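**Q** What follows is input.cif; its format and atoms are mmCIF, C-alpha atoms.
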data_my_file
#
loop_
_atom_site.label_atom_id
_atom_site.label_comp_id
_atom_site.auth_asym_id
_atom_site.auth_seq_id
_atom_site.Cartn_x
_atom_site.Cartn_y
_atom_site.Cartn_z
CA MET A 1 -23.66 -9.46 -28.47
CA PHE A 2 -23.74 -5.76 -27.56
CA VAL A 3 -21.56 -4.93 -24.59
CA LEU A 4 -21.46 -1.50 -22.97
CA VAL A 5 -18.21 -0.97 -21.10
CA VAL A 6 -18.05 1.92 -18.61
CA GLY A 7 -14.64 3.16 -17.51
CA GLY A 8 -11.73 3.69 -19.90
CA GLY A 9 -8.83 2.80 -17.65
CA LYS A 10 -6.50 -0.08 -18.47
CA VAL A 11 -9.18 -2.70 -17.79
CA GLY A 12 -11.87 -0.97 -19.85
CA TYR A 13 -9.50 -0.24 -22.70
CA TYR A 14 -8.24 -3.82 -23.11
CA LEU A 15 -11.71 -5.22 -22.55
CA ALA A 16 -13.21 -3.09 -25.33
CA LYS A 17 -10.29 -3.90 -27.63
CA GLU A 18 -10.64 -7.67 -27.08
CA LEU A 19 -14.42 -7.55 -27.52
CA ILE A 20 -14.14 -5.68 -30.81
CA ASP A 21 -11.40 -8.03 -32.03
CA SER A 22 -13.61 -11.02 -31.35
CA GLY A 23 -16.45 -9.51 -33.36
CA HIS A 24 -18.75 -8.16 -30.66
CA GLU A 25 -20.48 -4.83 -30.78
CA CYS A 26 -19.05 -2.63 -28.07
CA VAL A 27 -19.36 0.92 -26.79
CA LEU A 28 -16.92 2.34 -24.26
CA MET A 29 -17.82 5.26 -21.97
CA GLU A 30 -15.05 7.33 -20.42
CA LYS A 31 -15.83 10.64 -18.76
CA ASP A 32 -12.34 12.11 -19.05
CA ARG A 33 -12.32 13.73 -22.48
CA GLY A 34 -8.56 13.54 -22.92
CA ARG A 35 -8.42 9.89 -22.05
CA ALA A 36 -11.45 9.20 -24.27
CA ASP A 37 -9.72 10.89 -27.22
CA THR A 38 -6.60 8.79 -26.70
CA ILE A 39 -8.60 5.56 -26.71
CA ARG A 40 -10.66 6.69 -29.71
CA ASP A 41 -7.46 7.12 -31.71
CA GLU A 42 -6.64 3.50 -31.06
CA ILE A 43 -9.90 1.60 -31.16
CA GLY A 44 -12.13 3.85 -33.26
CA SER A 45 -15.35 5.79 -32.85
CA VAL A 46 -16.99 3.48 -30.32
CA VAL A 47 -15.81 5.72 -27.47
CA ILE A 48 -18.27 8.11 -25.83
CA ALA A 49 -16.71 10.86 -23.73
CA GLN A 50 -19.45 11.00 -21.09
CA ASP A 51 -20.11 9.92 -17.50
CA GLY A 52 -21.66 6.46 -17.52
CA CYS A 53 -23.23 7.10 -14.11
CA GLU A 54 -25.69 9.54 -15.64
CA GLY A 55 -28.92 8.08 -16.95
CA LYS A 56 -29.08 10.50 -19.86
CA TYR A 57 -25.71 9.43 -21.24
CA LEU A 58 -26.31 5.74 -20.58
CA ARG A 59 -29.37 6.04 -22.80
CA GLU A 60 -27.38 7.82 -25.49
CA ALA A 61 -24.82 5.04 -25.37
CA GLY A 62 -27.57 2.50 -26.02
CA ALA A 63 -27.94 1.02 -22.53
CA ASN A 64 -31.55 0.07 -23.27
CA ARG A 65 -30.48 -2.43 -25.91
CA ALA A 66 -27.26 -3.65 -24.24
CA ASP A 67 -26.94 -7.38 -23.53
CA ILE A 68 -24.25 -6.74 -20.96
CA VAL A 69 -23.05 -3.69 -19.05
CA ALA A 70 -19.57 -4.00 -17.57
CA ALA A 71 -18.68 -1.33 -14.99
CA VAL A 72 -14.92 -1.30 -14.68
CA THR A 73 -14.01 2.14 -13.34
CA GLY A 74 -11.58 2.43 -10.44
CA ASP A 75 -14.29 3.51 -8.01
CA ASP A 76 -16.55 0.95 -6.39
CA GLU A 77 -19.38 3.39 -5.76
CA ASP A 78 -19.44 4.39 -9.43
CA ASN A 79 -19.46 0.76 -10.56
CA LEU A 80 -22.37 0.02 -8.22
CA VAL A 81 -24.44 2.94 -9.52
CA ILE A 82 -23.68 2.11 -13.18
CA CYS A 83 -24.88 -1.47 -12.67
CA GLN A 84 -27.98 -0.47 -10.71
CA MET A 85 -28.98 2.15 -13.28
CA ALA A 86 -28.40 -0.37 -16.08
CA LYS A 87 -30.39 -3.05 -14.31
CA HIS A 88 -33.33 -1.10 -12.97
CA HIS A 89 -33.56 1.81 -15.39
CA PHE A 90 -32.66 0.09 -18.65
CA ASP A 91 -33.50 -3.57 -17.95
CA VAL A 92 -30.05 -4.77 -18.95
CA PRO A 93 -30.08 -8.58 -18.54
CA ARG A 94 -26.54 -8.94 -17.25
CA THR A 95 -24.41 -6.51 -15.25
CA ILE A 96 -20.79 -7.00 -14.26
CA ALA A 97 -18.96 -4.85 -11.72
CA ARG A 98 -15.32 -4.55 -10.86
CA VAL A 99 -14.91 -4.27 -7.11
CA ASN A 100 -11.74 -3.05 -5.45
CA ASN A 101 -12.69 -3.47 -1.80
CA PRO A 102 -13.46 -7.19 -1.43
CA LYS A 103 -15.77 -6.31 1.46
CA ASN A 104 -18.13 -4.72 -1.05
CA GLU A 105 -18.79 -7.99 -2.89
CA ARG A 106 -21.60 -9.04 -0.62
CA LEU A 107 -23.35 -5.66 -0.74
CA PHE A 108 -23.11 -5.47 -4.53
CA ARG A 109 -24.51 -8.97 -4.91
CA HIS A 110 -27.29 -8.16 -2.49
CA LEU A 111 -28.13 -5.01 -4.41
CA GLY A 112 -28.63 -6.95 -7.62
CA VAL A 113 -25.33 -6.79 -9.52
CA ASP A 114 -25.17 -10.06 -11.47
CA GLU A 115 -21.44 -10.66 -11.48
CA ILE A 116 -18.73 -9.23 -9.30
CA ILE A 117 -15.07 -9.37 -10.18
CA SER A 118 -12.65 -8.50 -7.41
CA PRO A 119 -9.01 -8.36 -8.54
CA THR A 120 -8.02 -7.90 -4.90
CA ARG A 121 -9.81 -11.10 -3.91
CA MET A 122 -8.31 -13.01 -6.83
CA ILE A 123 -4.74 -12.02 -6.02
CA LEU A 124 -5.39 -12.69 -2.35
CA GLY A 125 -6.75 -16.13 -3.22
CA SER A 126 -3.71 -16.87 -5.30
CA ILE A 127 -1.36 -15.86 -2.48
CA GLU A 128 -3.33 -17.87 0.06
CA GLN A 129 -2.95 -20.99 -2.05
CA ASP A 130 0.82 -20.68 -1.86
CA ILE A 131 1.32 -20.06 1.82
CA PRO A 132 0.17 -22.33 4.62
CA VAL A 133 -2.82 -20.63 6.15
CA HIS A 134 -4.77 -22.00 9.05
CA GLU A 135 -7.92 -20.64 7.61
CA LEU A 136 -10.71 -21.66 5.30
CA LEU A 137 -10.27 -20.62 1.71
CA HIS A 138 -13.24 -19.11 -0.13
CA LEU A 139 -13.40 -20.45 -3.63
CA ALA A 140 -16.66 -19.01 -4.90
CA ALA A 141 -19.99 -17.57 -3.90
CA LEU A 142 -23.19 -19.10 -5.23
CA GLY A 143 -26.53 -17.54 -6.04
CA GLU A 144 -26.83 -14.19 -4.36
CA GLY A 145 -24.04 -14.99 -1.94
CA GLU A 146 -26.14 -17.02 0.45
CA LEU A 147 -23.93 -20.06 -0.19
CA GLU A 148 -20.19 -20.35 -0.48
CA ILE A 149 -17.84 -22.99 -1.75
CA ILE A 150 -15.09 -23.34 0.83
CA GLU A 151 -11.86 -25.29 0.88
CA ALA A 152 -10.21 -26.54 4.06
CA HIS A 153 -6.62 -27.73 3.75
CA LEU A 154 -5.99 -30.33 6.47
CA GLN A 155 -2.64 -29.56 8.01
CA PRO A 156 -0.89 -30.99 11.07
CA GLY A 157 -3.00 -30.16 14.09
CA SER A 158 -6.31 -30.56 12.31
CA PRO A 159 -8.73 -32.56 14.49
CA ALA A 160 -10.19 -34.17 11.36
CA ILE A 161 -7.05 -36.13 10.41
CA GLY A 162 -7.50 -39.88 10.89
CA ARG A 163 -11.24 -39.63 11.42
CA VAL A 164 -13.93 -40.88 9.10
CA ALA A 165 -15.93 -38.14 7.45
CA GLY A 166 -19.20 -39.48 8.86
CA GLU A 167 -18.02 -38.76 12.41
CA LEU A 168 -17.48 -35.05 11.82
CA ARG A 169 -20.04 -32.72 13.30
CA VAL A 170 -20.92 -30.81 10.16
CA PRO A 171 -23.00 -27.73 10.96
CA SER A 172 -26.50 -27.65 9.52
CA GLY A 173 -26.71 -25.58 6.36
CA CYS A 174 -23.39 -27.01 5.26
CA SER A 175 -22.33 -30.07 3.31
CA LEU A 176 -18.94 -31.63 2.65
CA PHE A 177 -19.00 -32.93 -0.86
CA GLY A 178 -15.54 -33.74 -2.02
CA VAL A 179 -11.92 -34.17 -1.16
CA ILE A 180 -8.84 -33.44 -3.21
CA ARG A 181 -6.09 -35.90 -2.32
CA ASN A 182 -2.72 -35.76 -4.09
CA GLY A 183 -4.29 -33.54 -6.71
CA ALA A 184 -7.11 -35.95 -7.54
CA PRO A 185 -10.73 -35.08 -6.76
CA THR A 186 -12.85 -37.80 -5.17
CA PRO A 187 -16.34 -37.70 -3.70
CA LEU A 188 -16.41 -37.63 0.08
CA ARG A 189 -18.23 -40.67 1.49
CA SER A 190 -19.16 -41.10 5.12
CA ASP A 191 -16.47 -43.85 5.42
CA THR A 192 -13.68 -41.77 3.84
CA ILE A 193 -10.80 -41.50 6.31
CA LEU A 194 -9.39 -38.00 6.19
CA ALA A 195 -5.63 -37.61 5.93
CA GLU A 196 -3.09 -34.85 6.32
CA GLY A 197 -2.81 -32.79 3.15
CA ASP A 198 -6.39 -33.45 2.08
CA LYS A 199 -8.30 -30.51 0.73
CA VAL A 200 -11.90 -30.83 1.82
CA ILE A 201 -14.40 -28.96 -0.33
CA ALA A 202 -17.55 -27.82 1.42
CA ILE A 203 -20.59 -25.89 0.37
CA GLY A 204 -22.51 -23.97 2.96
CA ARG A 205 -23.92 -20.77 4.38
CA PRO A 206 -21.38 -18.18 5.47
CA ASP A 207 -22.54 -18.50 9.10
CA CYS A 208 -21.39 -22.14 9.20
CA GLU A 209 -17.78 -21.10 8.98
CA VAL A 210 -16.90 -20.93 12.65
CA GLU A 211 -18.04 -24.48 13.34
CA LEU A 212 -16.55 -25.78 10.12
CA ARG A 213 -13.21 -24.23 11.03
CA GLU A 214 -13.29 -25.91 14.45
CA GLN A 215 -13.96 -29.28 12.85
CA LEU A 216 -11.51 -29.13 9.98
CA ILE A 217 -8.79 -26.66 10.89
CA GLY A 218 -8.80 -26.78 14.66
CA GLU A 219 -7.59 -24.11 17.03
CA HIS A 220 -5.86 -21.27 15.28
CA GLU A 221 -2.11 -21.60 15.82
CA GLU A 222 -0.12 -18.41 15.97
CA VAL A 223 2.80 -18.69 13.59
CA MET B 1 -32.47 8.24 18.83
CA LYS B 2 -29.31 7.62 16.84
CA ALA B 3 -28.35 9.53 13.70
CA VAL B 4 -25.45 8.74 11.38
CA ILE B 5 -24.37 11.52 9.02
CA VAL B 6 -21.85 10.85 6.26
CA GLY B 7 -20.16 14.02 5.01
CA CYS B 8 -19.36 17.01 7.20
CA GLY B 9 -19.85 19.81 4.69
CA ARG B 10 -22.04 22.81 5.47
CA VAL B 11 -25.23 20.79 5.25
CA GLY B 12 -23.89 17.77 7.14
CA ALA B 13 -22.39 19.90 9.90
CA GLY B 14 -25.52 22.03 10.20
CA LEU B 15 -27.75 18.98 10.49
CA ALA B 16 -25.38 17.36 12.99
CA ASP B 17 -25.54 20.43 15.20
CA ALA B 18 -29.33 20.73 14.92
CA LEU B 19 -29.95 17.06 15.75
CA ASP B 20 -27.41 17.19 18.59
CA ARG B 21 -29.26 20.14 20.10
CA ALA B 22 -32.54 18.28 19.69
CA GLY B 23 -31.19 15.49 21.89
CA TRP B 24 -30.16 12.94 19.25
CA GLN B 25 -27.10 10.75 19.59
CA VAL B 26 -25.16 11.99 16.54
CA LEU B 27 -22.29 10.29 14.72
CA ILE B 28 -20.73 12.23 11.85
CA ILE B 29 -18.14 10.82 9.44
CA ASP B 30 -15.92 12.62 6.95
CA ARG B 31 -12.79 11.72 4.99
CA THR B 32 -10.90 14.77 6.27
CA THR B 33 -10.52 15.91 9.87
CA ALA B 34 -10.46 19.56 8.73
CA ALA B 35 -14.13 19.19 7.79
CA PHE B 36 -14.99 18.91 11.49
CA ASP B 37 -13.94 22.55 11.97
CA ARG B 38 -17.43 23.33 10.68
CA LEU B 39 -18.95 21.81 13.82
CA PRO B 40 -19.58 24.24 16.68
CA SER B 41 -17.51 23.82 19.84
CA THR B 42 -20.72 22.92 21.68
CA PHE B 43 -21.22 19.80 19.51
CA GLY B 44 -21.72 16.85 21.84
CA GLY B 45 -21.79 14.02 19.30
CA THR B 46 -19.03 11.88 17.84
CA ALA B 47 -16.96 13.03 14.85
CA LEU B 48 -14.95 10.33 13.11
CA ARG B 49 -12.53 10.49 10.20
CA GLY B 50 -13.12 7.72 7.67
CA ASP B 51 -14.75 6.59 4.46
CA GLY B 52 -18.54 6.49 4.83
CA THR B 53 -18.85 3.95 2.01
CA ASP B 54 -16.64 1.46 3.86
CA GLU B 55 -18.65 -1.12 5.77
CA ASP B 56 -15.87 -1.74 8.31
CA THR B 57 -15.49 1.96 9.04
CA LEU B 58 -19.22 2.35 9.60
CA ARG B 59 -19.33 -0.73 11.81
CA ARG B 60 -16.43 0.44 13.95
CA ALA B 61 -18.08 3.83 14.21
CA GLY B 62 -21.18 2.14 15.61
CA ALA B 63 -23.57 2.77 12.74
CA GLU B 64 -25.51 -0.39 13.61
CA GLY B 65 -29.19 0.18 14.24
CA ALA B 66 -29.29 3.88 13.41
CA ASP B 67 -32.73 5.47 13.40
CA LEU B 68 -31.59 7.94 10.80
CA PHE B 69 -28.88 7.71 8.15
CA LEU B 70 -28.06 10.84 6.14
CA ALA B 71 -25.62 10.64 3.20
CA MET B 72 -24.55 14.22 2.57
CA THR B 73 -21.13 14.13 0.86
CA GLU B 74 -20.33 15.96 -2.38
CA GLY B 75 -20.40 12.74 -4.39
CA ASP B 76 -23.75 11.48 -5.69
CA ASN B 77 -22.53 7.92 -6.03
CA ARG B 78 -20.81 7.89 -2.65
CA ASN B 79 -24.08 9.02 -1.10
CA ILE B 80 -26.02 6.34 -2.97
CA MET B 81 -23.65 3.63 -1.80
CA ALA B 82 -23.46 4.89 1.79
CA ALA B 83 -27.25 5.13 2.07
CA GLN B 84 -27.72 1.62 0.71
CA LEU B 85 -25.12 0.32 3.16
CA GLY B 86 -27.00 2.11 5.92
CA VAL B 87 -30.20 0.31 5.01
CA GLU B 88 -28.95 -3.09 3.92
CA ALA B 89 -26.02 -3.66 6.28
CA PHE B 90 -26.96 -1.60 9.32
CA GLY B 91 -30.74 -1.64 9.30
CA ALA B 92 -31.20 2.12 9.35
CA VAL B 93 -34.87 2.95 9.80
CA ARG B 94 -34.87 6.14 7.73
CA THR B 95 -32.35 7.24 5.14
CA LEU B 96 -31.88 10.27 2.97
CA ALA B 97 -29.24 10.51 0.26
CA LYS B 98 -28.25 13.75 -1.41
CA ILE B 99 -28.19 13.17 -5.18
CA ASN B 100 -27.70 16.27 -7.29
CA ASP B 101 -28.45 14.54 -10.61
CA PRO B 102 -32.28 14.66 -10.88
CA VAL B 103 -32.37 11.49 -13.01
CA ARG B 104 -30.51 9.44 -10.42
CA ALA B 105 -32.42 11.11 -7.57
CA GLU B 106 -35.69 9.91 -9.05
CA ALA B 107 -34.36 6.48 -10.03
CA TYR B 108 -33.13 5.72 -6.51
CA ALA B 109 -36.35 6.95 -4.95
CA LEU B 110 -38.06 4.30 -7.09
CA LEU B 111 -35.57 1.80 -5.64
CA GLY B 112 -36.64 2.73 -2.14
CA ILE B 113 -34.16 5.37 -0.96
CA ALA B 114 -35.46 8.85 -0.11
CA THR B 115 -33.35 11.32 -2.06
CA LEU B 116 -32.59 15.01 -1.78
CA CYS B 117 -31.91 16.82 -5.05
CA ARG B 118 -30.10 20.13 -4.66
CA THR B 119 -30.41 20.90 -8.37
CA ASN B 120 -34.20 20.78 -8.18
CA LEU B 121 -34.28 22.67 -4.87
CA MET B 122 -32.19 25.51 -6.25
CA GLU B 123 -33.94 25.69 -9.61
CA THR B 124 -37.29 25.85 -7.87
CA ALA B 125 -36.05 28.57 -5.51
CA VAL B 126 -34.54 30.67 -8.29
CA LEU B 127 -37.60 30.34 -10.56
CA ALA B 128 -39.85 31.29 -7.64
CA PHE B 129 -37.61 34.29 -6.93
CA LEU B 130 -38.03 35.30 -10.57
CA GLY B 131 -41.77 34.83 -10.29
CA GLN B 132 -41.81 32.00 -12.84
CA ASP B 133 -43.51 28.64 -12.72
CA ALA B 134 -41.08 25.99 -11.54
CA GLY B 135 -43.13 23.05 -12.76
CA GLU B 136 -42.58 19.62 -11.27
CA ARG B 137 -39.12 19.69 -9.62
CA PRO B 138 -39.28 17.92 -6.28
CA GLY B 139 -36.46 18.77 -3.87
CA ILE B 140 -37.03 15.53 -2.04
CA PHE B 141 -38.11 12.36 -3.79
CA LEU B 142 -39.93 10.03 -1.43
CA PRO B 143 -39.38 6.29 -1.84
CA GLY B 144 -41.69 4.75 -4.43
CA ALA B 145 -45.03 3.71 -2.95
CA THR B 146 -45.02 0.45 -4.86
CA HIS B 147 -41.66 -0.49 -3.45
CA THR B 148 -41.10 -4.24 -3.62
CA HIS B 149 -37.50 -4.17 -2.49
CA PRO B 150 -35.93 -4.44 -5.93
CA LEU B 151 -32.53 -3.85 -4.38
CA GLY B 152 -32.21 -7.39 -3.15
CA ALA B 153 -33.74 -10.04 -1.02
CA GLY B 154 -33.38 -8.35 2.36
CA PRO B 155 -35.96 -6.75 4.62
CA ALA B 156 -37.96 -3.98 3.01
CA SER B 157 -37.20 -1.57 5.84
CA THR B 158 -36.74 1.31 3.42
CA THR B 159 -40.48 1.52 2.84
CA GLU B 160 -40.88 3.03 6.29
CA ALA B 161 -38.88 6.12 5.34
#
What does the file become when written as structure tokens?
**A**
Amino acid sequence: MFVLVVGGGKVGYYLAKELIDSGHECVLMEKDRGRADTIRDEIGSVVIAQDGCEGKYLREAGANRADIVAAVTGDDEDNLVICQMAKHHFDVPRTIARVNNPKNERLFRHLGVDEIISPTRMILGSIEQDIPVHELLHLAALGEGELEIIEAHLQPGSPAIGRVAGELRVPSGCSLFGVIRNGAPTPLRSDTILAEGDKVIAIGRPDCEVELREQLIGEHEEV
Amino acid sequence: MKAVIVGCGRVGAGLADALDRAGWQVLIIDRTTAAFDRLPSTFGGTALRGDGTDEDTLRRAGAEGADLFLAMTEGDNRNIMAAQLGVEAFGAVRTLAKINDPVRAEAYALLGIATLCRTNLMETAVLAFLGQDAGERPGIFLPGATHTHPLGAGPASTTEA
């Protein structure tokens, strides 16, 4: 597998190092010459001291035969352009972008970036799992972001507690497909009685959220 | 008619003033307030400090439904991202992004964004001044005629530009 990594910060550096260690072919582009020299001393001659946003240098780095381009610079706009140039100019089959502003995920997906990694979102998700939040938790986006996997943690005050799943008014474009009770996943049947502490997993369009929240979370309580 | 301009440099400020005088409703955004000193005191539009590649900032600024979206900052990639946000998230009817790298300027025109390439404009001007043939160096790349909205699945509104 030939992976072209753009951005020689901490993420790019360790990524390239791991890829080389596991036997993949890898080229790392870092536009800062000093930084590029430092990395070259450590991981060898696979470092190119050029701007990966420029078509000319992407070609020189072998973008046209890359299986994957991973754009991991610290700037969202650069990562977007790197992936779009790779995708549309060099026909790279798979592009991965690091995104700092989680709000950019949707735009990037819409603009054709194959995979979007948001460290901010991941840390946020991890924090949200630890604190009681009266909100829906986004677990993943499917396809081009038109569907989302959502978790609703039923806490005291939820109108769904004690009701059978079949009675819930589930918005169209949305489906409840499982429940995690005491850590064990079970399919959600229409006769399942929902209980406090249940985590209901739903799959649906982002615009279903408001109704879903009303049904499963209830009125937002100020804490 | 509503115009959103991202980047209040000489070009951005000049265009903001010109469109304002021509009766447009103008909204100009820059990351530094000092940049707005370039606007004349007669400017009747809105000047807002913020990041023009941030969807929330643009939304708060009222970028929704702009007739014209001009991305004129000093960063090629910032302009590319702002212009695509203008089209995809705010439904701008016409967009123009300043991209100084001729390769990217042409590539994004093929993706449906009209682009302005200062490098080509200046090279052409200088070669003409020297009386030499400038060859094919378009200052503005129009969106590709065969545009099939390769940017995503949304409306192909960029083809109207």
**Q** Enumerate, in order of chain and increasing residue number, the residues of chain B with an atom no farther than 9 Å from chain A, each with its shortest atom pair and distance in Å to one decimal, counting all atoms listed in the file, as JSON lines.
**A**
{"residue": "B:Thr53", "atom": "CA", "partner": "A:Glu77", "partner_atom": "CA", "distance": 7.8}
{"residue": "B:Asp54", "atom": "CA", "partner": "A:Asn104", "partner_atom": "CA", "distance": 8.0}
{"residue": "B:Glu55", "atom": "CA", "partner": "A:Lys103", "partner_atom": "CA", "distance": 7.3}
{"residue": "B:Asp56", "atom": "CA", "partner": "A:Lys103", "partner_atom": "CA", "distance": 8.2}
{"residue": "B:Asn77", "atom": "CA", "partner": "A:Glu77", "partner_atom": "CA", "distance": 5.5}
{"residue": "B:Arg78", "atom": "CA", "partner": "A:Glu77", "partner_atom": "CA", "distance": 5.7}
{"residue": "B:Asn79", "atom": "CA", "partner": "A:Glu77", "partner_atom": "CA", "distance": 8.7}
{"residue": "B:Ile80", "atom": "CA", "partner": "A:Val81", "partner_atom": "CA", "distance": 7.5}
{"residue": "B:Met81", "atom": "CA", "partner": "A:Glu77", "partner_atom": "CA", "distance": 5.8}
{"residue": "B:Ala82", "atom": "CA", "partner": "A:Glu77", "partner_atom": "CA", "distance": 8.7}
{"residue": "B:Gln84", "atom": "CA", "partner": "A:Leu111", "partner_atom": "CA", "distance": 8.4}
{"residue": "B:Leu85", "atom": "CA", "partner": "A:Leu107", "partner_atom": "CA", "distance": 7.4}
{"residue": "B:Glu88", "atom": "CA", "partner": "A:Leu107", "partner_atom": "CA", "distance": 7.7}
{"residue": "B:Ala89", "atom": "CA", "partner": "A:Leu107", "partner_atom": "CA", "distance": 7.8}
{"residue": "B:Asp101", "atom": "CA", "partner": "A:Glu54", "partner_atom": "CA", "distance": 7.6}
{"residue": "B:Val103", "atom": "CA", "partner": "A:Gly55", "partner_atom": "CA", "distance": 6.2}
{"residue": "B:Arg104", "atom": "CA", "partner": "A:Gly55", "partner_atom": "CA", "distance": 6.9}
{"residue": "B:Ala107", "atom": "CA", "partner": "A:His89", "partner_atom": "CA", "distance": 7.2}
{"residue": "B:Tyr108", "atom": "CA", "partner": "A:Met85", "partner_atom": "CA", "distance": 8.7}
{"residue": "B:Leu111", "atom": "CA", "partner": "A:His88", "partner_atom": "CA", "distance": 8.2}
{"residue": "B:Pro150", "atom": "CA", "partner": "A:Gly112", "partner_atom": "CA", "distance": 7.9}
{"residue": "B:Leu151", "atom": "CA", "partner": "A:Leu111", "partner_atom": "CA", "distance": 4.6}
{"residue": "B:Gly152", "atom": "CA", "partner": "A:Leu111", "partner_atom": "CA", "distance": 4.9}
{"residue": "B:Ala153", "atom": "CA", "partner": "A:His110", "partner_atom": "CA", "distance": 6.9}
{"residue": "B:Gly154", "atom": "CA", "partner": "A:His110", "partner_atom": "CA", "distance": 7.8}
**Q** Could you work out how far CA of Leu4 in chain A lies from CA of Ala97 in chain B, giving the answer in Å with one decimal?
**A**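 Computing the Euclidean distance for CA of Ala97 in chain B and CA of Leu4 in chain A yields 27.3 Å.
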**Q** Which residues come within 7 Å of range 171-186 of chain A, counting only C-alpha atoms, excluding same-chain residues fewer than 5 positions away, as a short mmCIF file (atom, residue, chain, number, x, y, z; two decimals) with C-alpha atoms, in the coordinates of the input?
**A**
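What landed in out_25.cif:
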data_model
loop_
_atom_site.label_atom_id
_atom_site.label_comp_id
_atom_site.auth_asym_id
_atom_site.auth_seq_id
_atom_site.Cartn_x
_atom_site.Cartn_y
_atom_site.Cartn_z
CA ASP A 198 -6.39 -33.45 2.08
CA LYS A 199 -8.30 -30.51 0.73
CA VAL A 200 -11.90 -30.83 1.82
CA ILE A 201 -14.40 -28.96 -0.33
CA ALA A 202 -17.55 -27.82 1.42
CA ILE A 203 -20.59 -25.89 0.37
CA GLY A 204 -22.51 -23.97 2.96
CA ARG A 205 -23.92 -20.77 4.38
CA CYS A 208 -21.39 -22.14 9.20
CA GLU A 211 -18.04 -24.48 13.34
CA LEU A 212 -16.55 -25.78 10.12
#
**Q** Write out as a ChimeraX atom specification which residues come within 10 Å of range 20-35 of chain B when counting all atoms listed in the file, dropping same-chain ones fewer than 2 positions away.
**A** /B:1-10,12-18,37-39,42-52,57-58,61-63,66-73
**Q** Please report the interatomic distance between CA of Leu110 in chain B and CA of Thr95 in chain B in Å with one decimal.
**A**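 Computing the Euclidean distance for CA of Leu110 in chain B and CA of Thr95 in chain B yields 13.8 Å.
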**Q** Would you write out, as number ranges by chain, every residue that the PyMOL selection byres ((chain A and resi 121) around 12) captures in this file?
**A** A: 98-105, 116-120, 122-128, 137-140
**Q** Filtering to C-alpha atoms, could you give me those residues as a PDB file, in the coordinates of the input?
**A**
ATOM      1  CA  ARG A  98     -15.320  -4.550 -10.860  1.00  0.00           C
ATOM      2  CA  VAL A  99     -14.910  -4.270  -7.110  1.00  0.00           C
ATOM      3  CA  ASN A 100     -11.740  -3.050  -5.450  1.00  0.00           C
ATOM      4  CA  ASN A 101     -12.690  -3.470  -1.800  1.00  0.00           C
ATOM      5  CA  PRO A 102     -13.460  -7.190  -1.430  1.00  0.00           C
ATOM      6  CA  LYS A 103     -15.770  -6.310   1.460  1.00  0.00           C
ATOM      7  CA  ASN A 104     -18.130  -4.720  -1.050  1.00  0.00           C
ATOM      8  CA  GLU A 105     -18.790  -7.990  -2.890  1.00  0.00           C
ATOM      9  CA  ILE A 116     -18.730  -9.230  -9.300  1.00  0.00           C
ATOM     10  CA  ILE A 117     -15.070  -9.370 -10.180  1.00  0.00           C
ATOM     11  CA  SER A 118     -12.650  -8.500  -7.410  1.00  0.00           C
ATOM     12  CA  PRO A 119      -9.010  -8.360  -8.540  1.00  0.00           C
ATOM     13  CA  THR A 120      -8.020  -7.900  -4.900  1.00  0.00           C
ATOM     14  CA  MET A 122      -8.310 -13.010  -6.830  1.00  0.00           C
ATOM     15  CA  ILE A 123      -4.740 -12.020  -6.020  1.00  0.00           C
ATOM     16  CA  LEU A 124      -5.390 -12.690  -2.350  1.00  0.00           C
ATOM     17  CA  GLY A 125      -6.750 -16.130  -3.220  1.00  0.00           C
ATOM     18  CA  SER A 126      -3.710 -16.870  -5.300  1.00  0.00           C
ATOM     19  CA  ILE A 127      -1.360 -15.860  -2.480  1.00  0.00           C
ATOM     20  CA  GLU A 128      -3.330 -17.870   0.060  1.00  0.00           C
ATOM     21  CA  LEU A 137     -10.270 -20.620   1.710  1.00  0.00           C
ATOM     22  CA  HIS A 138     -13.240 -19.110  -0.130  1.00  0.00           C
ATOM     23  CA  LEU A 139     -13.400 -20.450  -3.630  1.00  0.00           C
ATOM     24  CA  ALA A 140     -16.660 -19.010  -4.900  1.00  0.00           C
TER      25      ALA A 140
END
**Q** Here's a test: counting all atoms listed in the file, identify every protein, DNA and RNA residue with an atom at most 9 Å from (-32.6, 13.8, 0.4) in the file's coordinate frame, and state them as a PDB file with C-alpha atoms, in the coordinates of the input.
**A**
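Output below, filename point_0.pdb:
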ATOM      1  CA  LEU B  70     -28.060  10.840   6.140  1.00  0.00           C
ATOM      2  CA  ALA B  71     -25.620  10.640   3.200  1.00  0.00           C
ATOM      3  CA  MET B  72     -24.550  14.220   2.570  1.00  0.00           C
ATOM      4  CA  THR B  95     -32.350   7.240   5.140  1.00  0.00           C
ATOM      5  CA  LEU B  96     -31.880  10.270   2.970  1.00  0.00           C
ATOM      6  CA  ALA B  97     -29.240  10.510   0.260  1.00  0.00           C
ATOM      7  CA  LYS B  98     -28.250  13.750  -1.410  1.00  0.00           C
ATOM      8  CA  ILE B  99     -28.190  13.170  -5.180  1.00  0.00           C
ATOM      9  CA  ALA B 105     -32.420  11.110  -7.570  1.00  0.00           C
ATOM     10  CA  ILE B 113     -34.160   5.370  -0.960  1.00  0.00           C
ATOM     11  CA  ALA B 114     -35.460   8.850  -0.110  1.00  0.00           C
ATOM     12  CA  THR B 115     -33.350  11.320  -2.060  1.00  0.00           C
ATOM     13  CA  LEU B 116     -32.590  15.010  -1.780  1.00  0.00           C
ATOM     14  CA  CYS B 117     -31.910  16.820  -5.050  1.00  0.00           C
ATOM     15  CA  ARG B 118     -30.100  20.130  -4.660  1.00  0.00           C
ATOM     16  CA  GLY B 139     -36.460  18.770  -3.870  1.00  0.00           C
ATOM     17  CA  ILE B 140     -37.030  15.530  -2.040  1.00  0.00           C
ATOM     18  CA  PHE B 141     -38.110  12.360  -3.790  1.00  0.00           C
ATOM     19  CA  LEU B 142     -39.930  10.030  -1.430  1.00  0.00           C
TER      20      LEU B 142
END
